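Trainee: Contents of start.pdb (PDB, C-alpha atoms) are below:
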MODEL        1
ATOM      1  CA  MET S 117     119.459-184.663  53.065  1.00  0.00           C
ATOM      2  CA  ASN S 118     121.899-183.676  50.308  1.00  0.00           C
ATOM      3  CA  ARG S 119     121.017-181.058  47.711  1.00  0.00           C
ATOM      4  CA  LYS S 120     120.595-183.561  44.848  1.00  0.00           C
ATOM      5  CA  VAL S 121     118.078-185.678  46.763  1.00  0.00           C
ATOM      6  CA  PHE S 122     116.243-182.543  47.900  1.00  0.00           C
ATOM      7  CA  LEU S 123     115.915-181.271  44.312  1.00  0.00           C
ATOM      8  CA  ILE S 124     114.622-184.629  43.078  1.00  0.00           C
ATOM      9  CA  LEU S 125     112.032-184.812  45.858  1.00  0.00           C
ATOM     10  CA  ALA S 126     110.938-181.256  45.031  1.00  0.00           C
ATOM     11  CA  ILE S 127     110.503-182.123  41.354  1.00  0.00           C
ATOM     12  CA  LEU S 128     108.369-185.140  42.267  1.00  0.00           C
ATOM     13  CA  THR S 129     105.612-182.802  43.464  1.00  0.00           C
ATOM     14  CA  VAL S 130     105.752-180.370  40.535  1.00  0.00           C
ATOM     15  CA  SER S 131     103.271-180.592  37.651  1.00  0.00           C
ATOM     16  CA  VAL S 132     104.909-181.006  34.271  1.00  0.00           C
ATOM     17  CA  SER S 133     103.322-177.728  33.145  1.00  0.00           C
ATOM     18  CA  ALA S 134     105.500-175.934  35.704  1.00  0.00           C
ATOM     19  CA  MET S 135     108.719-177.786  34.861  1.00  0.00           C
ATOM     20  CA  ASN S 136     111.541-176.217  32.889  1.00  0.00           C
ATOM     21  CA  ASN S 137     114.005-178.206  30.807  1.00  0.00           C
ATOM     22  CA  SER S 138     116.389-178.561  33.736  1.00  0.00           C
ATOM     23  CA  ASP S 139     113.596-180.015  35.887  1.00  0.00           C
ATOM     24  CA  ILE S 140     112.645-182.423  33.115  1.00  0.00           C
ATOM     25  CA  VAL S 141     116.223-183.661  32.732  1.00  0.00           C
ATOM     26  CA  SER S 142     116.534-184.146  36.500  1.00  0.00           C
ATOM     27  CA  TYR S 143     113.337-186.190  36.624  1.00  0.00           C
ATOM     28  CA  GLN S 144     114.304-188.224  33.572  1.00  0.00           C
ATOM     29  CA  LYS S 145     117.604-189.092  35.262  1.00  0.00           C
ATOM     30  CA  ALA S 146     115.919-189.868  38.587  1.00  0.00           C
ATOM     31  CA  ILE S 147     113.627-192.515  37.085  1.00  0.00           C
ATOM     32  CA  ALA S 148     115.882-193.758  34.265  1.00  0.00           C
ATOM     33  CA  HIS S 149     116.517-197.068  36.065  1.00  0.00           C
ATOM     34  CA  LEU S 150     112.827-198.023  36.000  1.00  0.00           C
ATOM     35  CA  PRO S 151     111.133-200.107  33.272  1.00  0.00           C
ATOM     36  CA  ASP S 152     109.634-198.226  30.316  1.00  0.00           C
ATOM     37  CA  GLY S 153     106.065-198.728  31.500  1.00  0.00           C
ATOM     38  CA  ASP S 154     106.732-197.426  34.994  1.00  0.00           C
ATOM     39  CA  ARG S 155     108.350-194.307  33.579  1.00  0.00           C
ATOM     40  CA  ILE S 156     105.388-193.717  31.255  1.00  0.00           C
ATOM     41  CA  ALA S 157     102.955-194.007  34.158  1.00  0.00           C
ATOM     42  CA  LEU S 158     105.021-191.657  36.316  1.00  0.00           C
ATOM     43  CA  TRP S 159     105.178-189.026  33.599  1.00  0.00           C
ATOM     44  CA  ALA S 160     101.438-189.367  33.017  1.00  0.00           C
ATOM     45  CA  GLY S 161     101.003-188.735  36.734  1.00  0.00           C
ATOM     46  CA  LYS S 162     102.895-185.445  36.394  1.00  0.00           C
ATOM     47  CA  PHE S 163      99.963-184.193  34.317  1.00  0.00           C
ATOM     48  CA  ILE S 164      97.300-184.837  36.958  1.00  0.00           C
ATOM     49  CA  GLY S 165      95.348-181.619  37.487  1.00  0.00           C
ATOM     50  CA  VAL S 166      96.444-180.058  34.193  1.00  0.00           C
ATOM     51  CA  PRO S 167      93.383-178.481  32.496  1.00  0.00           C
ATOM     52  CA  TYR S 168      91.699-180.152  29.546  1.00  0.00           C
ATOM     53  CA  ASP S 169      92.521-178.698  26.140  1.00  0.00           C
ATOM     54  CA  PRO S 170      89.350-177.162  24.606  1.00  0.00           C
ATOM     55  CA  ASP S 171      90.828-176.760  21.117  1.00  0.00           C
ATOM     56  CA  PRO S 172      88.870-179.057  18.750  1.00  0.00           C
ATOM     57  CA  ILE S 173      92.017-180.250  16.958  1.00  0.00           C
ATOM     58  CA  GLY S 174      94.414-179.848  19.880  1.00  0.00           C
ATOM     59  CA  GLU S 175      96.225-176.721  20.979  1.00  0.00           C
ATOM     60  CA  TYR S 176      99.581-178.189  20.001  1.00  0.00           C
ATOM     61  CA  VAL S 177      98.298-178.691  16.441  1.00  0.00           C
ATOM     62  CA  SER S 178      96.795-175.210  16.160  1.00  0.00           C
ATOM     63  CA  LYS S 179     100.009-173.663  17.463  1.00  0.00           C
ATOM     64  CA  LYS S 180     102.145-175.950  15.284  1.00  0.00           C
ATOM     65  CA  ALA S 181     104.063-176.820  18.425  1.00  0.00           C
ATOM     66  CA  VAL S 182     105.562-180.008  19.803  1.00  0.00           C
ATOM     67  CA  VAL S 183     105.320-178.985  23.459  1.00  0.00           C
ATOM     68  CA  ALA S 184     102.035-177.579  24.820  1.00  0.00           C
ATOM     69  CA  ASP S 185     101.910-178.898  28.374  1.00  0.00           C
ATOM     70  CA  GLY S 186      99.626-176.219  29.824  1.00  0.00           C
ATOM     71  CA  ARG S 187      96.392-177.819  28.528  1.00  0.00           C
ATOM     72  CA  VAL S 188      96.087-181.362  27.229  1.00  0.00           C
ATOM     73  CA  ASP S 189      93.613-183.764  25.671  1.00  0.00           C
ATOM     74  CA  CYS S 190      93.773-187.555  25.854  1.00  0.00           C
ATOM     75  CA  MET S 191      95.913-187.999  22.756  1.00  0.00           C
ATOM     76  CA  TYR S 192      98.456-185.328  23.684  1.00  0.00           C
ATOM     77  CA  LEU S 193      98.707-186.716  27.232  1.00  0.00           C
ATOM     78  CA  THR S 194      99.543-190.136  25.793  1.00  0.00           C
ATOM     79  CA  PHE S 195     101.989-188.678  23.290  1.00  0.00           C
ATOM     80  CA  ARG S 196     103.862-186.546  25.782  1.00  0.00           C
ATOM     81  CA  ALA S 197     104.006-189.012  28.682  1.00  0.00           C
ATOM     82  CA  ALA S 198     105.525-191.701  26.457  1.00  0.00           C
ATOM     83  CA  GLU S 199     107.898-189.304  24.709  1.00  0.00           C
ATOM     84  CA  LEU S 200     109.269-187.947  27.986  1.00  0.00           C
ATOM     85  CA  ALA S 201     109.532-191.431  29.461  1.00  0.00           C
ATOM     86  CA  LEU S 202     111.309-193.068  26.540  1.00  0.00           C
ATOM     87  CA  SER S 203     113.822-190.266  25.976  1.00  0.00           C
ATOM     88  CA  ARG S 204     116.708-188.944  28.052  1.00  0.00           C
ATOM     89  CA  THR S 205     116.506-185.192  27.430  1.00  0.00           C
ATOM     90  CA  PRO S 206     113.822-182.668  26.405  1.00  0.00           C
ATOM     91  CA  ASP S 207     115.441-182.390  22.963  1.00  0.00           C
ATOM     92  CA  ASP S 208     115.362-186.179  22.587  1.00  0.00           C
ATOM     93  CA  ALA S 209     111.667-186.098  23.515  1.00  0.00           C
ATOM     94  CA  ILE S 210     111.010-183.620  20.705  1.00  0.00           C
ATOM     95  CA  GLN S 211     112.811-185.820  18.189  1.00  0.00           C
ATOM     96  CA  MET S 212     110.801-188.793  19.405  1.00  0.00           C
ATOM     97  CA  ALA S 213     107.603-186.778  18.997  1.00  0.00           C
ATOM     98  CA  LEU S 214     108.493-186.064  15.374  1.00  0.00           C
ATOM     99  CA  ASP S 215     108.664-189.796  14.815  1.00  0.00           C
ATOM    100  CA  LYS S 216     105.821-191.131  16.935  1.00  0.00           C
ATOM    101  CA  ARG S 217     103.047-188.573  16.375  1.00  0.00           C
ATOM    102  CA  PHE S 218     103.093-188.945  12.601  1.00  0.00           C
ATOM    103  CA  HIS S 219     102.347-191.558   9.991  1.00  0.00           C
ATOM    104  CA  ASN S 220     105.727-190.713   8.485  1.00  0.00           C
ATOM    105  CA  ARG S 221     107.742-188.053  10.340  1.00  0.00           C
ATOM    106  CA  GLY S 222     107.126-184.533  11.568  1.00  0.00           C
ATOM    107  CA  ILE S 223     109.026-181.623  10.070  1.00  0.00           C
ATOM    108  CA  ILE S 224     110.043-178.474  11.953  1.00  0.00           C
ATOM    109  CA  ASN S 225     110.719-175.261  10.061  1.00  0.00           C
ATOM    110  CA  ASP S 226     111.588-172.022  11.907  1.00  0.00           C
ATOM    111  CA  GLY S 227     110.498-173.623  15.177  1.00  0.00           C
ATOM    112  CA  LEU S 228     107.059-174.681  13.911  1.00  0.00           C
ATOM    113  CA  VAL S 229     105.750-178.091  12.890  1.00  0.00           C
ATOM    114  CA  VAL S 230     104.753-177.643   9.255  1.00  0.00           C
ATOM    115  CA  ASN S 231     103.119-181.015   8.496  1.00  0.00           C
ATOM    116  CA  TYR S 232     100.643-181.803  11.250  1.00  0.00           C
ATOM    117  CA  ASP S 233      98.333-182.917   8.438  1.00  0.00           C
ATOM    118  CA  ASP S 234     100.417-186.137   8.558  1.00  0.00           C
ATOM    119  CA  ARG S 235      99.729-186.642  12.289  1.00  0.00           C
ATOM    120  CA  PHE S 236      97.806-189.471  13.881  1.00  0.00           C
ATOM    121  CA  GLU S 237      94.248-188.175  14.191  1.00  0.00           C
ATOM    122  CA  TYR S 238      92.746-191.570  15.058  1.00  0.00           C
ATOM    123  CA  GLY S 239      93.743-193.790  17.964  1.00  0.00           C
ATOM    124  CA  GLU S 240      93.309-196.921  15.889  1.00  0.00           C
ATOM    125  CA  ASP S 241      95.982-195.654  13.498  1.00  0.00           C
ATOM    126  CA  MET S 242      98.346-195.283  16.447  1.00  0.00           C
ATOM    127  CA  ILE S 243      97.785-198.927  17.355  1.00  0.00           C
ATOM    128  CA  ASP S 244      98.178-200.248  13.835  1.00  0.00           C
ATOM    129  CA  SER S 245     101.342-198.217  13.201  1.00  0.00           C
ATOM    130  CA  GLY S 246     103.307-200.138  15.827  1.00  0.00           C
ATOM    131  CA  LYS S 247     104.847-196.855  16.976  1.00  0.00           C
ATOM    132  CA  TRP S 248     102.809-196.857  20.174  1.00  0.00           C
ATOM    133  CA  GLY S 249     103.863-200.193  21.548  1.00  0.00           C
ATOM    134  CA  ARG S 250     103.019-203.797  20.904  1.00  0.00           C
ATOM    135  CA  GLU S 251      99.330-204.633  20.945  1.00  0.00           C
ATOM    136  CA  VAL S 252      98.631-206.922  23.911  1.00  0.00           C
ATOM    137  CA  THR S 253      94.828-206.849  23.832  1.00  0.00           C
ATOM    138  CA  ALA S 254      94.432-210.616  23.452  1.00  0.00           C
ATOM    139  CA  GLY S 255      96.777-211.180  26.385  1.00  0.00           C
ATOM    140  CA  ILE S 256      94.705-208.976  28.684  1.00  0.00           C
ATOM    141  CA  GLY S 257      91.320-210.624  28.117  1.00  0.00           C
ATOM    142  CA  ASN S 258      89.030-212.471  25.739  1.00  0.00           C
ATOM    143  CA  VAL S 259      88.332-210.542  22.565  1.00  0.00           C
ATOM    144  CA  VAL S 260      85.239-210.173  20.421  1.00  0.00           C
ATOM    145  CA  SER S 261      84.733-208.502  17.041  1.00  0.00           C
ATOM    146  CA  LEU S 262      82.938-205.222  16.482  1.00  0.00           C
ATOM    147  CA  LYS S 263      82.073-203.461  13.240  1.00  0.00           C
ATOM    148  CA  GLY S 264      85.015-201.446  11.944  1.00  0.00           C
ATOM    149  CA  SER S 265      85.296-198.307   9.812  1.00  0.00           C
ATOM    150  CA  ARG S 266      87.745-196.426   7.597  1.00  0.00           C
ATOM    151  CA  GLY S 267      88.711-199.534   5.641  1.00  0.00           C
ATOM    152  CA  ARG S 268      88.574-201.949   8.570  1.00  0.00           C
ATOM    153  CA  ASP S 269      85.750-204.469   8.309  1.00  0.00           C
ATOM    154  CA  LYS S 270      86.032-205.452  11.951  1.00  0.00           C
ATOM    155  CA  VAL S 271      87.922-204.447  15.077  1.00  0.00           C
ATOM    156  CA  LYS S 272      88.715-206.715  17.996  1.00  0.00           C
ATOM    157  CA  MET S 273      88.240-205.553  21.569  1.00  0.00           C
ATOM    158  CA  ILE S 274      87.820-206.819  25.123  1.00  0.00           C
ATOM    159  CA  PRO S 275      84.181-206.221  26.146  1.00  0.00           C
ATOM    160  CA  ARG S 276      83.678-203.908  29.108  1.00  0.00           C
ATOM    161  CA  LEU S 277      81.580-206.380  31.133  1.00  0.00           C
ATOM    162  CA  ASN S 278      84.042-209.209  30.557  1.00  0.00           C
ATOM    163  CA  LEU S 279      86.890-207.031  31.757  1.00  0.00           C
ATOM    164  CA  MET S 280      84.971-205.928  34.852  1.00  0.00           C
ATOM    165  CA  GLU S 281      84.153-209.529  35.761  1.00  0.00           C
ATOM    166  CA  ARG S 282      87.809-210.510  35.580  1.00  0.00           C
ATOM    167  CA  MET S 283      88.901-207.486  37.599  1.00  0.00           C
ATOM    168  CA  ASN S 284      86.583-208.616  40.395  1.00  0.00           C
ATOM    169  CA  GLU S 285      88.201-212.034  40.530  1.00  0.00           C
ATOM    170  CA  LYS S 286      91.172-212.988  42.669  1.00  0.00           C
ATOM    171  CA  GLY S 287      94.332-214.762  41.673  1.00  0.00           C
ATOM    172  CA  LYS S 288      95.815-215.553  38.294  1.00  0.00           C
ATOM    173  CA  ASN S 289      92.724-214.770  36.210  1.00  0.00           C
ATOM    174  CA  LYS S 290      92.855-211.026  36.854  1.00  0.00           C
ATOM    175  CA  PRO S 291      93.753-208.969  33.758  1.00  0.00           C
ATOM    176  CA  PRO S 292      97.563-208.712  33.609  1.00  0.00           C
ATOM    177  CA  PHE S 293      97.807-204.967  33.139  1.00  0.00           C
ATOM    178  CA  ARG S 294     101.156-203.285  33.676  1.00  0.00           C
ATOM    179  CA  SER S 295     101.974-199.699  34.533  1.00  0.00           C
ATOM    180  CA  GLY S 296     102.384-197.702  31.356  1.00  0.00           C
ATOM    181  CA  ASP S 297      99.982-199.791  29.299  1.00  0.00           C
ATOM    182  CA  ILE S 298      98.110-197.555  26.861  1.00  0.00           C
ATOM    183  CA  ILE S 299      94.401-198.275  26.912  1.00  0.00           C
ATOM    184  CA  PHE S 300      92.262-197.361  23.917  1.00  0.00           C
ATOM    185  CA  PHE S 301      88.514-197.153  24.483  1.00  0.00           C
ATOM    186  CA  ILE S 302      86.412-198.334  21.559  1.00  0.00           C
ATOM    187  CA  THR S 303      83.393-196.351  20.354  1.00  0.00           C
ATOM    188  CA  SER S 304      80.142-198.128  19.482  1.00  0.00           C
ATOM    189  CA  PRO S 305      79.458-198.016  15.717  1.00  0.00           C
ATOM    190  CA  GLU S 306      76.198-196.102  16.207  1.00  0.00           C
ATOM    191  CA  LYS S 307      77.958-193.404  18.261  1.00  0.00           C
ATOM    192  CA  ARG S 308      80.839-192.688  15.902  1.00  0.00           C
ATOM    193  CA  VAL S 309      80.949-189.082  14.735  1.00  0.00           C
ATOM    194  CA  LEU S 310      83.927-189.104  12.357  1.00  0.00           C
ATOM    195  CA  ASP S 311      84.133-192.872  11.721  1.00  0.00           C
ATOM    196  CA  GLU S 312      86.471-193.082  14.695  1.00  0.00           C
ATOM    197  CA  ILE S 313      86.964-196.509  16.246  1.00  0.00           C
ATOM    198  CA  VAL S 314      88.871-195.245  19.285  1.00  0.00           C
ATOM    199  CA  GLY S 315      86.964-192.659  21.302  1.00  0.00           C
ATOM    200  CA  HIS S 316      89.339-192.090  24.213  1.00  0.00           C
ATOM    201  CA  ILE S 317      92.866-192.974  25.375  1.00  0.00           C
ATOM    202  CA  GLY S 318      94.456-193.311  28.816  1.00  0.00           C
ATOM    203  CA  ILE S 319      97.433-194.777  30.643  1.00  0.00           C
ATOM    204  CA  ILE S 320      97.440-197.523  33.267  1.00  0.00           C
ATOM    205  CA  LYS S 321      99.210-197.120  36.615  1.00  0.00           C
ATOM    206  CA  LYS S 322      99.412-200.036  39.024  1.00  0.00           C
ATOM    207  CA  GLU S 323      99.881-199.468  42.740  1.00  0.00           C
ATOM    208  CA  GLY S 324     100.060-202.791  44.510  1.00  0.00           C
ATOM    209  CA  SER S 325      96.938-204.688  43.508  1.00  0.00           C
ATOM    210  CA  ALA S 326      95.086-201.495  42.535  1.00  0.00           C
ATOM    211  CA  ILE S 327      94.781-200.623  38.845  1.00  0.00           C
ATOM    212  CA  TYR S 328      94.391-196.930  38.057  1.00  0.00           C
ATOM    213  CA  LEU S 329      93.624-195.035  34.865  1.00  0.00           C
ATOM    214  CA  ILE S 330      95.309-191.683  34.236  1.00  0.00           C
ATOM    215  CA  HIS S 331      93.453-189.813  31.523  1.00  0.00           C
ATOM    216  CA  ALA S 332      92.496-186.366  30.300  1.00  0.00           C
ATOM    217  CA  SER S 333      88.924-186.314  31.533  1.00  0.00           C
ATOM    218  CA  GLY S 334      86.810-183.727  29.785  1.00  0.00           C
ATOM    219  CA  LEU S 335      84.934-182.551  26.722  1.00  0.00           C
ATOM    220  CA  LYS S 336      86.010-179.977  24.166  1.00  0.00           C
ATOM    221  CA  ASN S 337      83.013-177.759  24.966  1.00  0.00           C
ATOM    222  CA  LYS S 338      82.880-178.329  28.736  1.00  0.00           C
ATOM    223  CA  GLY S 339      86.455-178.431  30.031  1.00  0.00           C
ATOM    224  CA  GLY S 340      87.907-180.848  32.552  1.00  0.00           C
ATOM    225  CA  GLU S 341      91.363-181.932  33.712  1.00  0.00           C
ATOM    226  CA  VAL S 342      93.737-184.874  33.860  1.00  0.00           C
ATOM    227  CA  LYS S 343      92.587-187.318  36.538  1.00  0.00           C
ATOM    228  CA  LYS S 344      93.710-190.531  38.168  1.00  0.00           C
ATOM    229  CA  VAL S 345      90.821-192.891  38.914  1.00  0.00           C
ATOM    230  CA  LEU S 346      90.398-196.570  39.624  1.00  0.00           C
ATOM    231  CA  LEU S 347      90.031-198.296  36.279  1.00  0.00           C
ATOM    232  CA  TYR S 348      87.152-200.409  37.568  1.00  0.00           C
ATOM    233  CA  ASP S 349      85.219-197.287  38.581  1.00  0.00           C
ATOM    234  CA  TYR S 350      85.757-195.760  35.162  1.00  0.00           C
ATOM    235  CA  LEU S 351      84.620-198.939  33.426  1.00  0.00           C
ATOM    236  CA  LYS S 352      81.375-198.955  35.431  1.00  0.00           C
ATOM    237  CA  THR S 353      80.114-195.722  33.918  1.00  0.00           C
ATOM    238  CA  MET S 354      82.064-195.242  30.693  1.00  0.00           C
ATOM    239  CA  PRO S 355      80.159-194.960  27.378  1.00  0.00           C
ATOM    240  CA  PHE S 356      82.488-197.343  25.535  1.00  0.00           C
ATOM    241  CA  PRO S 357      81.743-201.045  24.932  1.00  0.00           C
ATOM    242  CA  GLY S 358      85.326-202.236  25.162  1.00  0.00           C
ATOM    243  CA  ILE S 359      89.074-201.627  24.986  1.00  0.00           C
ATOM    244  CA  ARG S 360      92.313-202.363  23.166  1.00  0.00           C
ATOM    245  CA  VAL S 361      95.737-202.179  24.818  1.00  0.00           C
ATOM    246  CA  THR S 362      99.316-201.554  23.708  1.00  0.00           C
ATOM    247  CA  ARG S 363     102.541-201.839  25.691  1.00  0.00           C
ATOM    248  CA  PHE S 364     106.129-200.642  25.388  1.00  0.00           C
ATOM    249  CA  ASP S 365     108.480-203.426  26.441  1.00  0.00           C
TER     250      ASP S 365
ENDMDL
END
Can you turn what I pasted into structure tokens?
Mentor:
Amino acid sequence: MNRKVFLILAILTVSVSAMNNSDIVSYQKAIAHLPDGDRIALWAGKFIGVPYDPDPIGEYVSKKAVVADGRVDCMYLTFRAAELALSRTPDDAIQMALDKRFHNRGIINDGLVVNYDDRFEYGEDMIDSGKWGREVTAGIGNVVSLKGSRGRDKVKMIPRLNLMERMNEKGKNKPPFRSGDIIFFITSPEKRVLDEIVGHIGIIKKEGSAIYLIHASGLKNKGGEVKKVLLYDYLKTMPFPGIRVTRFD
């Protein structure tokens, strides 16, 4: 085995929180030939086992940082996995973050992000911005309308039970998820705390016929970590009535 192959194989087993910029570049090069979605799913997988971020607004926001890979919540996991996947270097990933995490664009001054007040705080704003892929919800399953909030009268989603029924079926009627799809879990109107429509975010990873969810599983006051679970198993017990989906392609 030559040295280059050995180094790539070694990086494959390293959590992103332990990777330096050289490791990141090597991994970006190693998977650069893959489709966008596959790269997003692979980078999400590099976060498995990383502790859940207990900071109420996100450690990266409190620290005014772009990179805070040591502890992550569901939004940061989604941000960072996509940014690393869709860029070619760590510096490119930072520039992408300044575009994608904000309604307008992030500004760095003396190494600190000075306008995180312009960031996406709500998952539904990420979807509607178009910066986080093309919405493919209607192509995944049948949609219904749910009461909206924050200026949206209604929001469309795929109901949980409908999705589970289709996932149990064989053949062409199964939901056509792809690796790297971003899945937004919709909160019931009566359970919204801050008028949020999206209550959780994760990333799809397909392995053969199996559909997995990679997500930061935890609560701000109880901890947790990034996990990879079968999507069907998560749907069985999740507190959300449905989902929306976006895709980079």
Trainee: The residues within 8 Å of (99.6, -177.3, 10.0), using all atoms listed in the file and the coordinates of the file, should be reported as a PyMOL selection string; which are they?
Mentor: chain S and resi 177-178+180+229-233
Trainee: Smallest atom-to-atom distance to Asn258 of chain S: which of S:Ile140, S:Ala209, S:Ile359, S:Leu200, using all atoms listed in the file?
Mentor: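 Among the listed residues, S:Ile359 lies closest to Asn258 of chain S.
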Trainee: Taking the file above as input, evaluate the PyMOL selection byres ((chain S and resi 213) around 10) and report the hits as a ChimeraX atom specification.
Mentor: /S:182-183,195-196,198-200,203,207-212,214-218,221-222
Trainee: Have a look at S:Arg360, S:Arg187, S:Lys247, S:Arg204 and name the one nearest to Gly165 of chain S; count all atoms listed in the file.
Mentor: S:Arg187
Trainee: Do you know which residues the PyMOL selection byres ((chain S and resi 289) around 12) returns on this file, as a PyMOL selection string?
Mentor: chain S and resi 255-258+278-288+290-293
Trainee: Please identify all polymer residues within 8 Å of Ile164 of chain S, counting all atoms listed in the file, omitting same-chain residues fewer than 3 positions from it, and present them as a PyMOL selection string.
Mentor: chain S and resi 131+160-161+330+341-344
Trainee: Just checking: using all atoms listed in the file, which residue out of S:Lys263, S:Leu347, S:Val188, S:Val271 ends up closest to Gly174 of chain S?
Mentor: S:Val188
Trainee: Report as a ChimeraX atom specification the residues that result from applying the PyMOL selection byres ((chain S and resi 133) around 9) to the structure here.
Mentor: /S:130-132,134-136,162-163,166,184-187
Trainee: Atoms to include: C-alpha atoms. Write the selected residues as a tab-separated table (two decimals), in the coordinates of the input.
Mentor:
chain	number	residue	atom	x	y	z
S	130	VAL	CA	105.75	-180.37	40.53
S	131	SER	CA	103.27	-180.59	37.65
S	132	VAL	CA	104.91	-181.01	34.27
S	134	ALA	CA	105.50	-175.93	35.70
S	135	MET	CA	108.72	-177.79	34.86
S	136	ASN	CA	111.54	-176.22	32.89
S	162	LYS	CA	102.90	-185.44	36.39
S	163	PHE	CA	99.96	-184.19	34.32
S	166	VAL	CA	96.44	-180.06	34.19
S	184	ALA	CA	102.04	-177.58	24.82
S	185	ASP	CA	101.91	-178.90	28.37
S	186	GLY	CA	99.63	-176.22	29.82
S	187	ARG	CA	96.39	-177.82	28.53
